[in-house]
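Visitor: Can you read through this structure? Questions will come right after.
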Amino acid sequence: MPFIKVRDDLCKGCKLCITFCPKQVIRMSDRLNPKGYYVAELFDKEGCTGCGICARMCPDVAISVYREDKKEVPA
Amino acid sequence: MKVVYERPESLLDVPFTYCPGCTHGIIHRMVADTLDDLGIRERTIGVSPVGCSVFAYEFFNCDMVAAAHGRAPAVATGIKRVHPDKIVFTYQGDGDLAAIGTAEIIHAAARGENITVIFANNVIYGMTGGQMAPTTLIGQKTDTTPYGRSVEANGHPIRVCELLSSLDGVAYLERVSTHDPKHVLKAQKAIKKAFQYQVDGKGFTLIELLSTCPSNWGMNPLDSLKWLEESMLPYYKPGVYKDIG
Ligand SMILES: Cc1ncc(C[n+]2csc(CCOP(=O)(O)OP(=O)(O)O)c2C)c(N)n1
Ligand code: SF4
């Protein structure tokens, strides 16, 4: 199953990933990072297709995408 | 399971200093992905502006120089002429490029310098707290146009791509947007093409990226993207303004 990792130290809680995720599987967590931002998290691992749209729209480059196949996120 | 998309090598592992949701970060990422994809990171020299993106020299994992306000195209000209084998780009805001730096950008373009300009247009001065820029829209409220920009008092907003498109030195000019994934993908392609043109020695290239400034627009990140689409796109039409092919 594909999944994403959001780096807590980089996330500023802007919610762009949540908005643009076609599968709506990202949400705000109740974790605060040291800067005082609530950070985003993947809550439905089954639903993530690894499309990478969240990562591309993340202004803080906080998201990495994991997938089985070799197909890359289209450049 | 393997990682298929992660932080590009061309970005250092430091947090951006931009406000939450500011699209400067999306644009940085696209530039860094391009340097990775084209394999040119180690021979690239970037020039950062004055503005919120002044700290670009802290973020990109290539050689960087910081220029005085608006002077990035002049500094880039010098670097490129001394090191024609290097890939040289500037990263500039609209206050930097279209106000104090108008002369530099016009003449660098007219001379056909073989450099790439990444132009983030957020229609306001971000770093200094939200004053009107030459690109501010008619009716747009800023710190210095509290009742909205008016033609009588402030003149018309400058469209940089249209302005530069008449210059023979220009090889490629495109305006793109950052307000949704579809447009970001288009923007990524345009940036890559601009750098490829420089690698091929084709001449001056500039990509204008419509960008947000949630903090000084007084909106949350999402509403900013909507405002960009609804208010900026009609005046700043995306498209290719010049392409010598
Ligand atoms: C010579 C000089 N004049 C004025 C300033 C003040 N100043 C700093 S940033 C800026 C405008 C930046 O706006 P923009 O280029 O749109 O970038 P943004 O911060 O919006 O990304 C100005 C006028 C300065 N630093 N140096
Ligand atoms: S002030 Fe505006 S342009 Fe500057 S980082 Fe904040 S949102 Fe971005």
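By order in the structure tokens, chains are A, B, ...; within a chain, residues start at 1; ligands start at 1, following the order shown.
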Set the distance at 12 Å and use only C-alpha atoms: which residues neighbour region 29-36 of chain A once local chain neighbours fewer than 2 positions away are removed? I'd like the list as a list of chain:residue names.
Guide: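 Those residues are A:Val6, A:Arg7, A:Asp8, A:Asp9, A:Leu10, A:Cys11, A:Lys12, A:Gly13, A:Lys15, A:Ile18, A:Ile26, A:Arg27, A:Tyr38, A:Val39, A:Ala40, A:Glu41, A:Leu42, A:Phe43, B:Pro15, B:Thr17, B:Pro20.
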Visitor: Report the closest atom pair, with its distance in Å rounded to one decimal, for each residue of chain B that has an atom no farther than 10 Å from ligand 1; count only C-alpha atoms and all ligand atoms, sort by chain and then rising residue number, and write it as CSV.
Guide:
residue,atom,partner,partner_atom_place_in_ligand_line,distance
B:Tyr18,CA,ligand 1,21 (O),9.1
B:Cys22,CA,ligand 1,21 (O),9.4
B:Thr23,CA,ligand 1,21 (O),9.7
B:His24,CA,ligand 1,21 (O),7.4
B:Pro49,CA,ligand 1,15 (O),7.4
B:Val50,CA,ligand 1,9 (S),5.0
B:Gly51,CA,ligand 1,19 (O),3.7
B:Cys52,CA,ligand 1,19 (O),3.8
B:Ser53,CA,ligand 1,21 (O),5.6
B:Val54,CA,ligand 1,21 (O),8.2
B:Ala68,CA,ligand 1,1 (C),6.8
B:His69,CA,ligand 1,26 (N),5.2
B:Gly70,CA,ligand 1,15 (O),8.0
B:Arg71,CA,ligand 1,1 (C),9.6
B:Tyr91,CA,ligand 1,15 (O),9.7
B:Gln92,CA,ligand 1,15 (O),6.2
B:Gly93,CA,ligand 1,15 (O),3.4
B:Asp94,CA,ligand 1,16 (O),4.0
B:Gly95,CA,ligand 1,15 (O),3.3
B:Asp96,CA,ligand 1,15 (O),3.7
B:Leu97,CA,ligand 1,15 (O),6.4
B:Ala98,CA,ligand 1,15 (O),7.9
B:Ala99,CA,ligand 1,15 (O),8.1
B:Ile100,CA,ligand 1,3 (N),7.3
B:Gly101,CA,ligand 1,15 (O),9.2
B:Phe119,CA,ligand 1,15 (O),9.1
B:Ala120,CA,ligand 1,21 (O),7.1
B:Asn121,CA,ligand 1,16 (O),6.7
B:Asn122,CA,ligand 1,20 (O),6.0
B:Val123,CA,ligand 1,16 (O),6.7
B:Ile124,CA,ligand 1,16 (O),5.3
B:Tyr125,CA,ligand 1,13 (O),3.6
B:Gly126,CA,ligand 1,20 (O),3.3
B:Met127,CA,ligand 1,19 (O),3.8
B:Thr128,CA,ligand 1,9 (S),5.4
B:Gly129,CA,ligand 1,19 (O),8.2
B:Gly130,CA,ligand 1,20 (O),7.8
B:Gln131,CA,ligand 1,11 (C),8.2
B:Met132,CA,ligand 1,16 (O),9.0
B:Ala133,CA,ligand 1,16 (O),6.7
B:Pro134,CA,ligand 1,16 (O),9.2
B:Thr135,CA,ligand 1,16 (O),8.8
B:Thr136,CA,ligand 1,16 (O),9.8
B:Ser211,CA,ligand 1,21 (O),8.9
B:Thr212,CA,ligand 1,20 (O),8.7
B:Cys213,CA,ligand 1,20 (O),7.0
B:Asn216,CA,ligand 1,20 (O),8.9
Visitor: What's the 8 Å shell around Tyr57 (chain B), counting only C-alpha atoms, without same-chain residues fewer than 3 positions away, as a ChimeraX atom specification?
Guide: /B:46-48,54,60,63-66
Visitor: Output N, CA, C and O atoms of each residue in that selection to a file, as a PDB file, in the first residue's frame.
Guide:
ATOM      1  N   GLY B  46      22.728  30.558  -8.444  1.00  0.00           N
ATOM      2  CA  GLY B  46      21.488  31.315  -8.333  1.00  0.00           C
ATOM      3  C   GLY B  46      21.755  32.697  -7.751  1.00  0.00           C
ATOM      4  O   GLY B  46      22.724  32.893  -7.018  1.00  0.00           O
ATOM      5  N   VAL B  47      20.884  33.640  -8.083  1.00  0.00           N
ATOM      6  CA  VAL B  47      20.993  34.983  -7.512  1.00  0.00           C
ATOM      7  C   VAL B  47      19.681  35.289  -6.802  1.00  0.00           C
ATOM      8  O   VAL B  47      18.613  35.253  -7.414  1.00  0.00           O
ATOM      9  N   SER B  48      19.769  35.560  -5.495  1.00  0.00           N
ATOM     10  CA  SER B  48      18.543  35.827  -4.741  1.00  0.00           C
ATOM     11  C   SER B  48      18.298  37.334  -4.673  1.00  0.00           C
ATOM     12  O   SER B  48      19.222  38.134  -4.831  1.00  0.00           O
ATOM     13  N   VAL B  54      14.693  36.572  -0.214  1.00  0.00           N
ATOM     14  CA  VAL B  54      16.117  36.901  -0.054  1.00  0.00           C
ATOM     15  C   VAL B  54      16.881  35.711   0.493  1.00  0.00           C
ATOM     16  O   VAL B  54      18.018  35.465   0.123  1.00  0.00           O
ATOM     17  N   PHE B  60      18.690  26.807  -1.371  1.00  0.00           N
ATOM     18  CA  PHE B  60      19.107  26.015  -2.534  1.00  0.00           C
ATOM     19  C   PHE B  60      20.486  25.410  -2.303  1.00  0.00           C
ATOM     20  O   PHE B  60      21.392  26.082  -1.796  1.00  0.00           O
ATOM     21  N   ASP B  63      25.517  26.982  -5.593  1.00  0.00           N
ATOM     22  CA  ASP B  63      26.118  28.274  -5.252  1.00  0.00           C
ATOM     23  C   ASP B  63      25.074  29.371  -5.398  1.00  0.00           C
ATOM     24  O   ASP B  63      24.280  29.368  -6.338  1.00  0.00           O
ATOM     25  N   MET B  64      25.074  30.297  -4.466  1.00  0.00           N
ATOM     26  CA  MET B  64      24.091  31.376  -4.486  1.00  0.00           C
ATOM     27  C   MET B  64      24.784  32.708  -4.172  1.00  0.00           C
ATOM     28  O   MET B  64      25.742  32.749  -3.400  1.00  0.00           O
ATOM     29  N   VAL B  65      24.253  33.766  -4.794  1.00  0.00           N
ATOM     30  CA  VAL B  65      24.744  35.114  -4.527  1.00  0.00           C
ATOM     31  C   VAL B  65      23.521  35.962  -4.207  1.00  0.00           C
ATOM     32  O   VAL B  65      22.473  35.773  -4.819  1.00  0.00           O
ATOM     33  N   ALA B  66      23.617  36.874  -3.251  1.00  0.00           N
ATOM     34  CA  ALA B  66      22.497  37.775  -2.970  1.00  0.00           C
ATOM     35  C   ALA B  66      22.785  39.127  -3.617  1.00  0.00           C
ATOM     36  O   ALA B  66      23.878  39.670  -3.465  1.00  0.00           O
TER      37      ALA B  66
END
Visitor: Could you pull the residues within 10 Å of region 187-195 of chain B, counting only C-alpha atoms, minus those fewer than 5 positions along the same chain, as a PyMOL selection string?
Guide: (chain A and resi 56+74-75) or (chain B and resi 26-27+29-31+33-35+37-38+40+87-89+114-118+171-178+181-182+200-210+238+240+243)
Visitor: Tell me as a ChimeraX atom specification which residues belonging to chain A come within 10 Å of chain B, counting only C-alpha atoms.
Guide: /A:1-5,9-16,19-21,37,50-75
Visitor: With only C-alpha atoms as the atoms that count, which of B:Thr90, B:Thr44, B:Gln198, B:Ser166 lies nearest to Val75 (chain B)?
Guide: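 Closest candidate: B:Thr90.
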Visitor: Check region 56-190 of chain B with DSSP on the backbone and list each residue it calls strand (DSSP E), as a ChimeraX atom specification.
Guide: /B:63-66,87-93,116-121,170-177
Visitor: Could you pull out the residues in chain A that DSSP calls helix (DSSP H, G or I) from the backbone, as a list in words?
Guide: Leu16, Cys17, Ile18, Thr19, Phe20, Ile53, Cys54, Ala55, Arg56 and Met57 of chain A
Visitor: Quick one: of B:Glu152, B:Asp36, B:Arg81, B:Leu12, who's nearest to Phe59 (chain B), counting only C-alpha atoms?
Guide: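 The closest residue to Phe59 (chain B) is B:Leu12.
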Visitor: What separation in Å, quoted to one decimal, exists between CA of Lys23 (chain A) and CA of Leu228 (chain B)?
Guide: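 According to the coordinates, CA of Lys23 (chain A) and CA of Leu228 (chain B) are separated by 24.4 Å.
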